[in-house]
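Dropping protein_31.tsv in here (TSV, C-alpha atoms and all ligand atoms):
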chain	number	residue	atom	x	y	z
A	255	MET	CA	-54.78	8.70	106.56
A	256	ALA	CA	-58.44	7.86	107.18
A	257	ILE	CA	-60.20	6.11	104.31
A	258	LEU	CA	-62.70	8.92	103.83
A	259	ASP	CA	-59.83	11.40	103.40
A	260	LEU	CA	-58.71	9.32	100.41
A	261	VAL	CA	-62.14	9.25	98.78
A	262	ARG	CA	-63.13	11.88	96.22
A	263	LYS	CA	-65.43	14.51	97.72
A	264	ASN	CA	-68.23	13.90	95.20
A	265	ILE	CA	-68.21	10.21	96.15
A	266	VAL	CA	-68.28	10.95	99.88
A	267	SER	CA	-71.41	13.04	99.41
A	268	LEU	CA	-73.00	10.72	96.82
A	269	LYS	CA	-76.46	9.44	97.64
A	270	PRO	CA	-76.75	5.95	96.11
A	271	TYR	CA	-79.56	4.98	93.72
A	272	SER	CA	-82.39	3.30	95.55
A	273	SER	CA	-83.85	0.48	93.45
A	274	ALA	CA	-87.54	-0.47	93.52
A	275	ARG	CA	-86.77	-3.54	95.63
A	276	ASP	CA	-84.81	-1.47	98.14
A	277	GLU	CA	-87.82	0.65	99.00
A	278	PHE	CA	-89.77	-1.90	101.03
A	279	SER	CA	-88.99	-4.49	103.63
A	280	GLY	CA	-90.93	-7.66	104.27
A	281	LYS	CA	-91.98	-10.41	101.91
A	282	GLY	CA	-93.60	-9.23	98.69
A	283	GLU	CA	-96.05	-11.42	96.80
A	284	VAL	CA	-97.29	-9.24	93.98
A	285	PHE	CA	-94.56	-7.13	92.38
A	286	LEU	CA	-95.91	-4.06	90.62
A	287	ASP	CA	-93.04	-1.77	91.53
A	288	ALA	CA	-90.33	-2.12	88.88
A	289	ASN	CA	-92.15	-1.91	85.55
A	290	GLU	CA	-91.19	-5.47	84.70
A	291	ASN	CA	-93.16	-7.73	82.38
A	292	PRO	CA	-95.22	-9.93	84.76
A	293	SER	CA	-94.37	-13.13	82.86
A	294	GLY	CA	-91.24	-14.83	81.59
A	295	GLN	CA	-88.18	-16.61	82.93
A	296	TYR	CA	-85.81	-13.65	83.16
A	297	ASN	CA	-88.44	-10.97	83.70
A	298	ARG	CA	-87.39	-9.86	87.21
A	299	TYR	CA	-84.49	-7.63	88.13
A	300	PRO	CA	-81.72	-9.56	89.92
A	301	ASP	CA	-80.63	-9.02	93.53
A	302	PRO	CA	-78.50	-5.85	93.40
A	303	HIS	CA	-76.80	-6.84	96.67
A	304	HIS	CA	-75.76	-10.34	95.53
A	305	ARG	CA	-76.75	-11.66	98.96
A	306	ASP	CA	-76.76	-15.40	98.21
A	307	LEU	CA	-73.46	-15.21	96.38
A	308	ARG	CA	-71.71	-13.17	99.02
A	309	GLN	CA	-73.04	-15.56	101.66
A	310	ARG	CA	-71.52	-18.57	99.86
A	311	ILE	CA	-68.24	-16.80	99.15
A	312	SER	CA	-68.15	-15.70	102.78
A	313	GLN	CA	-68.28	-19.36	103.92
A	314	LEU	CA	-65.69	-20.42	101.36
A	315	LYS	CA	-63.22	-17.65	102.17
A	316	ASN	CA	-64.02	-17.51	105.87
A	317	MET	CA	-64.67	-13.80	105.72
A	318	PRO	CA	-67.70	-11.64	106.64
A	319	ALA	CA	-70.09	-11.10	103.69
A	320	GLU	CA	-69.94	-7.35	104.43
A	321	GLN	CA	-66.27	-7.36	103.39
A	322	ILE	CA	-67.00	-8.89	99.99
A	323	PHE	CA	-67.81	-6.90	96.86
A	324	LEU	CA	-68.69	-8.42	93.49
A	325	GLY	CA	-67.96	-6.70	90.22
A	326	ASN	CA	-68.72	-7.36	86.56
A	327	GLY	CA	-65.26	-8.89	86.18
A	328	SER	CA	-62.15	-7.57	87.90
A	329	ASP	CA	-62.20	-4.86	85.25
A	330	GLU	CA	-65.13	-3.23	87.04
A	331	VAL	CA	-63.30	-3.36	90.37
A	332	ILE	CA	-60.22	-1.68	88.87
A	333	ASP	CA	-62.37	1.05	87.32
A	334	LEU	CA	-64.21	1.61	90.61
A	335	VAL	CA	-60.94	1.97	92.52
A	336	TYR	CA	-59.87	4.78	90.20
A	337	ARG	CA	-63.28	6.44	90.24
A	338	ILE	CA	-63.53	6.34	94.03
A	339	PHE	CA	-60.00	7.32	95.04
A	340	CYS	CA	-58.52	9.35	92.17
A	341	GLU	CA	-59.56	12.87	91.19
A	342	PRO	CA	-59.29	12.91	87.35
A	343	GLY	CA	-56.40	15.01	86.10
A	344	LYS	CA	-54.92	15.25	89.58
A	345	HIS	CA	-54.23	12.01	91.42
A	346	LYS	CA	-51.85	9.31	90.21
A	347	VAL	CA	-51.48	5.54	90.36
A	348	LEU	CA	-48.27	3.61	91.03
A	349	LEU	CA	-47.74	0.52	88.84
A	350	PHE	CA	-45.01	-2.13	88.77
A	351	PRO	CA	-44.41	-3.04	85.12
A	352	PRO	CA	-44.27	-5.37	83.33
A	353	THR	CA	-47.77	-6.10	84.57
A	354	TYR	CA	-51.43	-6.41	83.55
A	355	GLY	CA	-52.32	-3.91	80.81
A	356	MET	CA	-55.80	-3.05	82.10
A	357	TYR	CA	-54.38	-0.99	84.98
A	358	GLU	CA	-53.01	1.52	82.46
A	359	VAL	CA	-56.03	1.49	80.15
A	360	SER	CA	-58.43	2.05	83.02
A	361	ALA	CA	-56.16	4.79	84.40
A	362	ALA	CA	-56.23	6.52	81.01
A	363	VAL	CA	-60.03	6.28	80.83
A	364	ASN	CA	-60.22	7.93	84.25
A	365	ASP	CA	-57.56	10.53	83.43
A	366	VAL	CA	-55.27	9.20	86.16
A	367	GLU	CA	-51.54	9.66	85.57
A	368	VAL	CA	-49.42	6.51	85.80
A	369	VAL	CA	-46.16	6.47	87.78
A	370	ARG	CA	-44.05	3.43	86.88
A	371	CYS	CA	-41.72	1.57	89.23
A	372	PRO	CA	-40.31	-1.25	87.06
A	373	LEU	CA	-39.77	-4.67	88.65
A	374	ASN	CA	-36.13	-5.69	89.02
A	375	ASP	CA	-34.46	-8.46	86.98
A	376	GLN	CA	-35.97	-11.07	89.30
A	377	PHE	CA	-39.40	-9.52	88.53
A	378	GLN	CA	-39.64	-8.37	92.16
A	379	VAL	CA	-40.41	-4.92	93.55
A	380	ASP	CA	-37.39	-2.61	93.46
A	381	LEU	CA	-37.68	-1.40	97.07
A	382	PRO	CA	-35.46	1.72	96.93
A	383	ALA	CA	-37.23	2.85	93.74
A	384	MET	CA	-40.63	2.18	95.31
A	385	LYS	CA	-39.77	4.19	98.42
A	386	GLN	CA	-38.60	7.02	96.22
A	387	ALA	CA	-41.72	6.90	94.05
A	388	ILE	CA	-44.22	7.05	96.93
A	389	GLN	CA	-42.78	10.38	98.05
A	390	ASP	CA	-45.13	11.82	95.42
A	391	GLU	CA	-48.19	12.71	97.51
A	392	LEU	CA	-50.47	12.79	94.50
A	393	ILE	CA	-50.20	8.99	94.21
A	394	ARG	CA	-53.43	7.73	95.73
A	395	VAL	CA	-53.42	4.10	94.59
A	396	ALA	CA	-50.73	1.45	94.10
A	397	ILE	CA	-51.63	-1.70	92.15
A	398	ILE	CA	-49.56	-4.79	92.66
A	399	CYS	CA	-50.28	-8.11	90.95
A	400	SER	CA	-49.27	-11.38	92.61
A	401	PRO	CA	-48.82	-13.83	91.00
A	402	ASN	CA	-47.95	-11.23	88.41
A	403	ASN	CA	-49.16	-11.23	84.81
A	404	PRO	CA	-47.25	-11.67	82.44
A	405	THR	CA	-44.21	-12.76	84.48
A	406	GLY	CA	-46.07	-15.50	86.41
A	407	ASN	CA	-44.28	-15.13	89.76
A	408	ASP	CA	-45.47	-14.22	93.23
A	409	MET	CA	-44.23	-10.97	94.75
A	410	GLU	CA	-42.07	-11.44	97.83
A	411	GLU	CA	-44.01	-11.02	101.04
A	412	ASP	CA	-41.51	-8.57	102.53
A	413	ALA	CA	-41.80	-6.21	99.57
A	414	VAL	CA	-45.59	-6.19	99.76
A	415	LEU	CA	-45.40	-5.58	103.52
A	416	GLU	CA	-43.02	-2.71	102.92
A	417	LEU	CA	-45.45	-1.16	100.43
A	418	LEU	CA	-48.38	-1.63	102.81
A	419	ARG	CA	-46.48	-0.03	105.68
A	420	SER	CA	-44.81	2.87	103.92
A	421	PHE	CA	-47.46	3.96	101.41
A	422	SER	CA	-50.31	6.04	102.80
A	423	GLY	CA	-52.75	5.46	99.94
A	424	ILE	CA	-54.83	2.49	98.76
A	425	VAL	CA	-53.02	-0.74	97.85
A	426	LEU	CA	-54.94	-2.87	95.34
A	427	MET	CA	-53.52	-6.40	95.40
A	428	ASP	CA	-54.58	-8.32	92.29
A	429	GLU	CA	-54.73	-12.04	93.08
A	430	ALA	CA	-56.34	-13.26	89.85
A	431	TYR	CA	-54.00	-16.29	89.89
A	432	ILE	CA	-53.94	-16.96	93.64
A	433	ASP	CA	-55.58	-20.39	93.25
A	434	PHE	CA	-52.47	-21.64	91.42
A	435	SER	CA	-50.05	-20.30	94.03
A	436	HIS	CA	-48.92	-22.04	97.19
A	437	ARG	CA	-48.78	-18.88	99.26
A	438	PRO	CA	-51.76	-17.75	101.38
A	439	SER	CA	-53.98	-14.94	100.13
A	440	TRP	CA	-53.46	-11.42	101.43
A	441	THR	CA	-57.12	-11.49	102.49
A	442	GLY	CA	-55.77	-12.94	105.76
A	443	ARG	CA	-54.06	-9.60	106.46
A	444	LEU	CA	-56.99	-7.25	105.76
A	445	SER	CA	-57.53	-6.50	109.44
A	446	ASP	CA	-53.89	-5.38	109.77
A	447	PHE	CA	-54.04	-3.11	106.74
A	448	PRO	CA	-57.25	-1.04	106.45
A	449	ARG	CA	-56.17	0.52	103.13
A	450	LEU	CA	-55.64	-2.86	101.45
A	451	ILE	CA	-58.06	-4.15	98.79
A	452	VAL	CA	-57.57	-7.73	97.59
A	453	MET	CA	-59.02	-8.64	94.21
A	454	GLN	CA	-59.75	-12.13	92.90
A	455	THR	CA	-61.76	-13.47	89.98
A	456	PHE	CA	-63.88	-16.37	88.75
A	457	SER	CA	-62.24	-16.04	85.31
A	458	LYS	CA	-59.17	-18.23	85.76
A	459	ALA	CA	-59.08	-21.25	88.11
A	460	TRP	CA	-62.88	-21.23	88.44
A	461	GLY	CA	-63.30	-21.57	84.70
A	462	LEU	CA	-65.93	-18.82	84.34
A	463	ALA	CA	-64.22	-16.15	82.23
A	464	SER	CA	-67.32	-15.83	80.06
A	465	VAL	CA	-69.53	-15.09	83.06
A	466	ARG	CA	-67.62	-11.92	84.12
A	467	MET	CA	-67.38	-12.00	87.88
A	468	GLY	CA	-64.68	-10.38	89.96
A	469	MET	CA	-64.37	-10.21	93.73
A	470	ALA	CA	-62.91	-7.55	95.97
A	471	PHE	CA	-62.17	-8.08	99.66
A	472	ALA	CA	-61.62	-5.07	101.87
A	473	SER	CA	-62.70	-3.32	105.05
A	474	GLU	CA	-66.45	-2.86	105.39
A	475	GLU	CA	-65.87	0.86	105.06
A	476	ILE	CA	-64.36	0.40	101.60
A	477	THR	CA	-66.82	-2.23	100.31
A	478	GLU	CA	-69.68	0.05	101.36
A	479	ILE	CA	-68.29	2.78	99.11
A	480	PHE	CA	-67.92	0.28	96.25
A	481	ARG	CA	-71.57	-0.73	96.64
A	482	LYS	CA	-72.66	2.88	96.67
A	483	VAL	CA	-70.88	3.69	93.38
A	484	LYS	CA	-71.52	0.54	91.33
A	485	PRO	CA	-74.43	0.34	88.87
A	486	PRO	CA	-77.32	-1.24	90.84
A	487	TYR	CA	-77.60	-4.38	88.67
A	488	ASN	CA	-73.95	-4.84	87.77
A	489	ILE	CA	-74.20	-8.65	87.95
A	490	SER	CA	-76.95	-10.29	85.90
A	491	GLY	CA	-79.30	-12.87	87.45
A	492	PRO	CA	-78.18	-15.77	85.18
A	493	ASN	CA	-74.54	-14.97	85.98
A	494	GLN	CA	-75.24	-15.01	89.71
A	495	GLN	CA	-76.89	-18.44	89.26
A	496	ILE	CA	-73.98	-19.85	87.26
A	497	VAL	CA	-71.43	-18.79	89.87
A	498	LEU	CA	-73.63	-20.16	92.69
A	499	GLY	CA	-73.70	-23.50	90.86
A	500	ARG	CA	-69.93	-23.55	90.51
A	501	LEU	CA	-69.56	-22.72	94.22
A	502	ASN	CA	-71.43	-25.93	94.97
A	503	ASP	CA	-68.79	-27.93	93.16
A	504	VAL	CA	-65.57	-26.74	94.72
A	505	GLU	CA	-64.03	-30.22	94.39
A	506	SER	CA	-64.11	-30.08	90.61
A	507	VAL	CA	-62.39	-26.68	90.72
A	508	GLN	CA	-59.72	-28.16	92.98
A	509	SER	CA	-59.19	-31.07	90.63
A	510	ASP	CA	-58.97	-28.73	87.60
A	511	ILE	CA	-56.28	-26.75	89.43
A	512	GLN	CA	-54.35	-29.92	90.26
A	513	ILE	CA	-54.40	-31.03	86.62
A	514	ILE	CA	-53.32	-27.59	85.38
A	515	LEU	CA	-50.42	-27.50	87.86
A	516	GLU	CA	-49.24	-30.94	86.72
A	517	GLU	CA	-49.57	-29.97	83.07
A	518	ARG	CA	-47.64	-26.78	83.77
A	519	GLU	CA	-44.65	-28.77	84.98
A	520	GLY	CA	-44.86	-31.06	81.95
A	521	LEU	CA	-44.99	-28.04	79.67
A	522	ARG	CA	-42.04	-26.49	81.49
A	523	ALA	CA	-39.95	-29.63	81.05
A	524	ALA	CA	-40.82	-29.84	77.35
A	525	LEU	CA	-39.97	-26.17	76.78
A	526	GLU	CA	-36.64	-26.54	78.56
A	527	CYS	CA	-35.70	-29.28	76.08
A	528	ILE	CA	-36.03	-26.91	73.11
A	529	SER	CA	-32.61	-25.43	72.36
A	530	SER	CA	-34.00	-22.13	71.07
A	531	VAL	CA	-35.65	-21.51	74.43
A	532	LYS	CA	-33.34	-19.17	76.34
A	533	LYS	CA	-35.25	-19.05	79.60
A	534	VAL	CA	-38.37	-20.54	81.13
A	535	PHE	CA	-39.35	-18.23	83.96
A	536	PRO	CA	-40.61	-19.65	87.28
A	537	SER	CA	-44.40	-19.64	87.55
A	538	ASP	CA	-46.85	-19.55	90.45
A	539	SER	CA	-49.76	-19.29	88.01
A	540	ASN	CA	-51.45	-21.13	85.12
A	541	PHE	CA	-49.13	-19.73	82.46
A	542	ILE	CA	-45.44	-19.69	81.72
A	543	LEU	CA	-43.35	-16.83	80.40
A	544	VAL	CA	-40.55	-17.92	78.07
A	545	GLU	CA	-37.71	-16.10	76.43
A	546	ILE	CA	-37.20	-17.69	73.06
A	547	GLU	CA	-35.17	-16.92	69.93
A	548	ASP	CA	-37.03	-15.11	67.17
A	549	ALA	CA	-40.19	-14.80	69.28
A	550	ASN	CA	-42.01	-12.51	66.83
A	551	ARG	CA	-41.57	-14.87	63.88
A	552	LEU	CA	-42.37	-17.90	66.01
A	553	TYR	CA	-45.53	-16.17	67.18
A	554	ASP	CA	-46.68	-15.57	63.57
A	555	TYR	CA	-45.85	-19.16	62.66
A	556	LEU	CA	-47.92	-20.45	65.57
A	557	VAL	CA	-50.87	-18.25	64.61
A	558	GLU	CA	-50.74	-19.55	61.02
A	559	ARG	CA	-51.05	-23.05	62.44
A	560	GLY	CA	-53.93	-22.12	64.71
A	561	VAL	CA	-51.98	-22.11	67.97
A	562	ILE	CA	-52.42	-18.80	69.77
A	563	VAL	CA	-50.11	-17.70	72.57
A	564	ARG	CA	-49.57	-14.18	73.88
A	565	ASN	CA	-46.69	-12.29	72.33
A	566	ARG	CA	-45.20	-10.05	75.03
A	567	SER	CA	-42.12	-9.09	72.99
A	568	SER	CA	-43.21	-5.46	72.89
A	569	ILE	CA	-42.64	-5.17	76.64
A	570	LEU	CA	-40.04	-7.92	77.25
A	571	ARG	CA	-37.48	-8.95	74.63
A	572	ASP	CA	-38.35	-12.20	72.82
A	573	ALA	CA	-41.01	-13.10	75.36
A	574	LEU	CA	-44.06	-15.30	74.85
A	575	ARG	CA	-46.65	-15.95	77.53
A	576	ILE	CA	-48.10	-19.41	77.25
A	577	THR	CA	-51.28	-20.45	79.06
A	578	VAL	CA	-51.30	-24.04	80.26
A	579	GLY	CA	-53.88	-25.94	78.18
A	580	THR	CA	-54.99	-29.55	78.08
A	581	ARG	CA	-52.38	-32.27	77.59
A	582	SER	CA	-53.10	-32.51	73.85
A	583	GLU	CA	-53.10	-28.71	73.40
A	584	ASN	CA	-49.75	-28.45	75.15
A	585	GLU	CA	-48.35	-31.26	73.01
A	586	ARG	CA	-49.56	-29.58	69.85
A	587	LEU	CA	-47.89	-26.33	70.94
A	588	ILE	CA	-44.56	-28.06	71.62
A	589	GLN	CA	-44.73	-29.95	68.31
A	590	THR	CA	-45.44	-26.74	66.39
A	591	ILE	CA	-42.57	-24.89	68.11
A	592	GLN	CA	-40.22	-27.76	67.19
A	593	ASP	CA	-41.45	-27.65	63.57
A	594	PHE	CA	-40.64	-23.93	63.41
A	595	TYR	CA	-37.02	-24.30	64.47
A	596	ARG	CA	-36.41	-27.36	62.31
A	601	LIG	C1	-57.15	-12.40	83.88
A	601	LIG	C2	-56.81	-11.35	84.86
A	601	LIG	C3	-57.80	-10.74	85.63
A	601	LIG	C4	-59.24	-11.14	85.50
A	601	LIG	O1	-60.02	-10.15	84.97
A	601	LIG	P1	-61.60	-10.39	84.89
A	601	LIG	O2	-62.10	-9.05	84.49
A	601	LIG	O3	-62.06	-10.79	86.27
A	601	LIG	O4	-61.84	-11.47	83.90
A	601	LIG	C5	-57.44	-9.79	86.56
A	601	LIG	N1	-56.15	-9.46	86.74
A	601	LIG	C6	-55.18	-10.05	86.04
A	601	LIG	C7	-53.77	-9.68	86.30
A	601	LIG	C8	-55.47	-10.99	85.06
A	601	LIG	O5	-54.48	-11.55	84.36
Mind converting the file's structure to structure tokens?
Amino acid sequence: MAILDLVRKNIVSLKPYSSARDEFSGKGEVFLDANENPSGQYNRYPDPHHRDLRQRISQLKNMPAEQIFLGNGSDEVIDLVYRIFCEPGKHKVLLFPPTYGMYEVSAAVNDVEVVRCPLNDQFQVDLPAMKQAIQDELIRVAIICSPNNPTGNDMEEDAVLELLRSFSGIVLMDEAYIDFSHRPSWTGRLSDFPRLIVMQTFSKAWGLASVRMGMAFASEEITEIFRKVKPPYNISGPNQQIVLGRLNDVESVQSDIQIILEEREGLRAALECISSVKKVFPSDSNFILVEIEDANRLYDYLVERGVIVRNRSSILRDALRITVGTRSENERLIQTIQDFYR
């Protein structure tokens, strides 16, 4: 199916907002066009096209700037995908639970019905079930998270390929944790799969969760539609500056990732030594999912002692999701868990 056949009719015909700064070309010197206060540090509207940022990210990812879209966190990208491709009350999304909760919340906001294809006991895509599910022609979008949250593992390449080949809608691949994984990003396959959107974020490995900046990589045709629908100034000027600064210090990001990966293995070893731990799941990310006796009570005990992990027992029996912290934070966690079972 052509991309435009997947886009809602009102979006196809939408004329985007034209901001004051879009209405002229050339180099302005006196700006009396946007009703700004003429003085101050933050008085001017930011670049709605995020040109400098996309240029830098383009070099880093070795990808044309036209194929890069920036959102106010990945949350904005997810919302835009629903708003662009799913007619409210009609089209559906295919999810692979247990996975990131925002996909469901954002679907509910947009009145998009969720079809669930649960991961198998290895937390991989159940291929026969997936093939069955995509028979439903009202499914317009499939969201797959790899490495997956909260399970921590990468999805097998063959399963993703199968989804990309057999599903005729949009595949949104969430790679929030890609920087911790050893596999290559699916951005390398965008030219093979025109209906693929790859999403990444500055919130995890890049250490900028507070800044709210998500990236989407897709065909130029798709990123153009994203740009048309987004609020003109979706990324603030200070936030653009902060991310640009971080992009000039890629080495420190790399060294942070290295430290986190080493700490993760230390944390894994320590958890495996605790007899109440039933299973430490494999992780390609910066967190570890554990199955542990009495998880709900342990969770409360940890909270009382100021150590906050994520209790996932409502979706997976006795499961806690533990983010890798600093050495001393990880040690304090292990100590507190040992105190609980003593
Ligand atoms: C943390 C996370 C994100 C990041 O969301 P932002 O809005 O960019 O902070 C995206 N997807 C998953 C699965 C996550 O766990």
- Query: Can you tell me which residues sit at most 9 Å away from ligand LIG 601 (chain A), counting all atoms listed in the file, written as a VMD selection string?
  - Reply: chain A and resid 325 to 332 353 to 357 399 to 404 428 to 431 453 to 458 462 to 469
- Message: Would you pick out the contacts of Val359 of chain A at 10 Å or less, using only C-alpha atoms, so that residues sharing its chain but fewer than 6 positions from it are not included, and give the list as a ChimeraX atom specification?
- Response: /A:333,365-366
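Between Ser273 of chain A and the candidates A:Leu515, A:Asp554, A:Pro486, A:Trp460, the tightest atom-to-atom separation, counting all atoms listed in the file, involves A:Pro486.
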- Using all atoms listed in the file, collect all residues at a distance of at most 12 Å from (-36.5, -5.4, 97.9) as written in the file, then present them as a PyMOL selection string. chain A and resi 373-385+409-417
- Could you work out how far atom CA of Ile569 of chain A lies from atom CA of Glu583 of chain A, giving the answer in Å with one decimal? 26.0 Å
Write out as a short mmCIF file (atom, residue, chain, number, x, y, z; two decimals) with C-alpha atoms, keeping the file's coordinate frame the residues lying within 12 Å of Asn502 of chain A, counting all atoms listed in the file and excluding same-chain residues fewer than 5 positions away.
data_model
loop_
_atom_site.label_atom_id
_atom_site.label_comp_id
_atom_site.auth_asym_id
_atom_site.auth_seq_id
_atom_site.Cartn_x
_atom_site.Cartn_y
_atom_site.Cartn_z
CA LEU A 307 -73.46 -15.21 96.38
CA ARG A 310 -71.52 -18.57 99.86
CA ILE A 311 -68.24 -16.80 99.15
CA GLN A 313 -68.28 -19.36 103.92
CA LEU A 314 -65.69 -20.42 101.36
CA TRP A 460 -62.88 -21.23 88.44
CA GLN A 495 -76.89 -18.44 89.26
CA ILE A 496 -73.98 -19.85 87.26
CA VAL A 497 -71.43 -18.79 89.87
CA VAL A 507 -62.39 -26.68 90.72
#
- Shell around segment 573-575 of chain A at 12 Å using only C-alpha atoms, local window under 6 positions removed, as an MDAnalysis selection string: chainID A and resid 352 402:406 525 531:535 537 539:554 556 562:567 591
- Using all atoms listed in the file, the shortest atom-to-atom distance to Arg308 of chain A among A:Phe471, A:Gln389, A:Tyr296, A:Ala361 belongs to A:Phe471
- Message: Could you check the closest approach to Ile479 of chain A for each of A:Tyr299, A:Phe339, A:Phe285, A:Phe278 and tell me which residue wins, using all atoms listed in the file?
- Response: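 Counting all atoms listed in the file, the residue closest to Ile479 of chain A is A:Phe339.
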- Task: Give the answer as one residue: which of A:Glu478, A:Glu526, A:Glu517, A:Asp538 has the shortest atom-to-atom distance to Phe323 of chain A, using all atoms listed in the file?
- Result: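 The closest residue to Phe323 of chain A is A:Glu478.
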- Message: Could you tell me how far atom CA of Ile398 of chain A sits from atom CA of Pro351 of chain A, in Å to one decimal place?
- Response: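 Between atom CA of Pro351 of chain A and atom CA of Ile398 of chain A the gap is 9.3 Å.
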- Note on the structure: Judged by only C-alpha atoms, the minimum distance to Arg518 of chain A among A:Leu324, A:Cys371, A:Ile576, A:Cys340 is found for A:Ile576
- Item | For Ala472 of chain A, the nearest of the candidates A:Leu587, A:Ile528, A:Met317, A:Val347, counting all atoms listed in the file | A:Met317
- Message: Between atom CA of Arg370 of chain A and atom CA of Asp446 of chain A, what distance in Å does the model show, to one decimal?
- Response: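 Interatomic distance, atom CA of Arg370 of chain A to atom CA of Asp446 of chain A: 26.4 Å.
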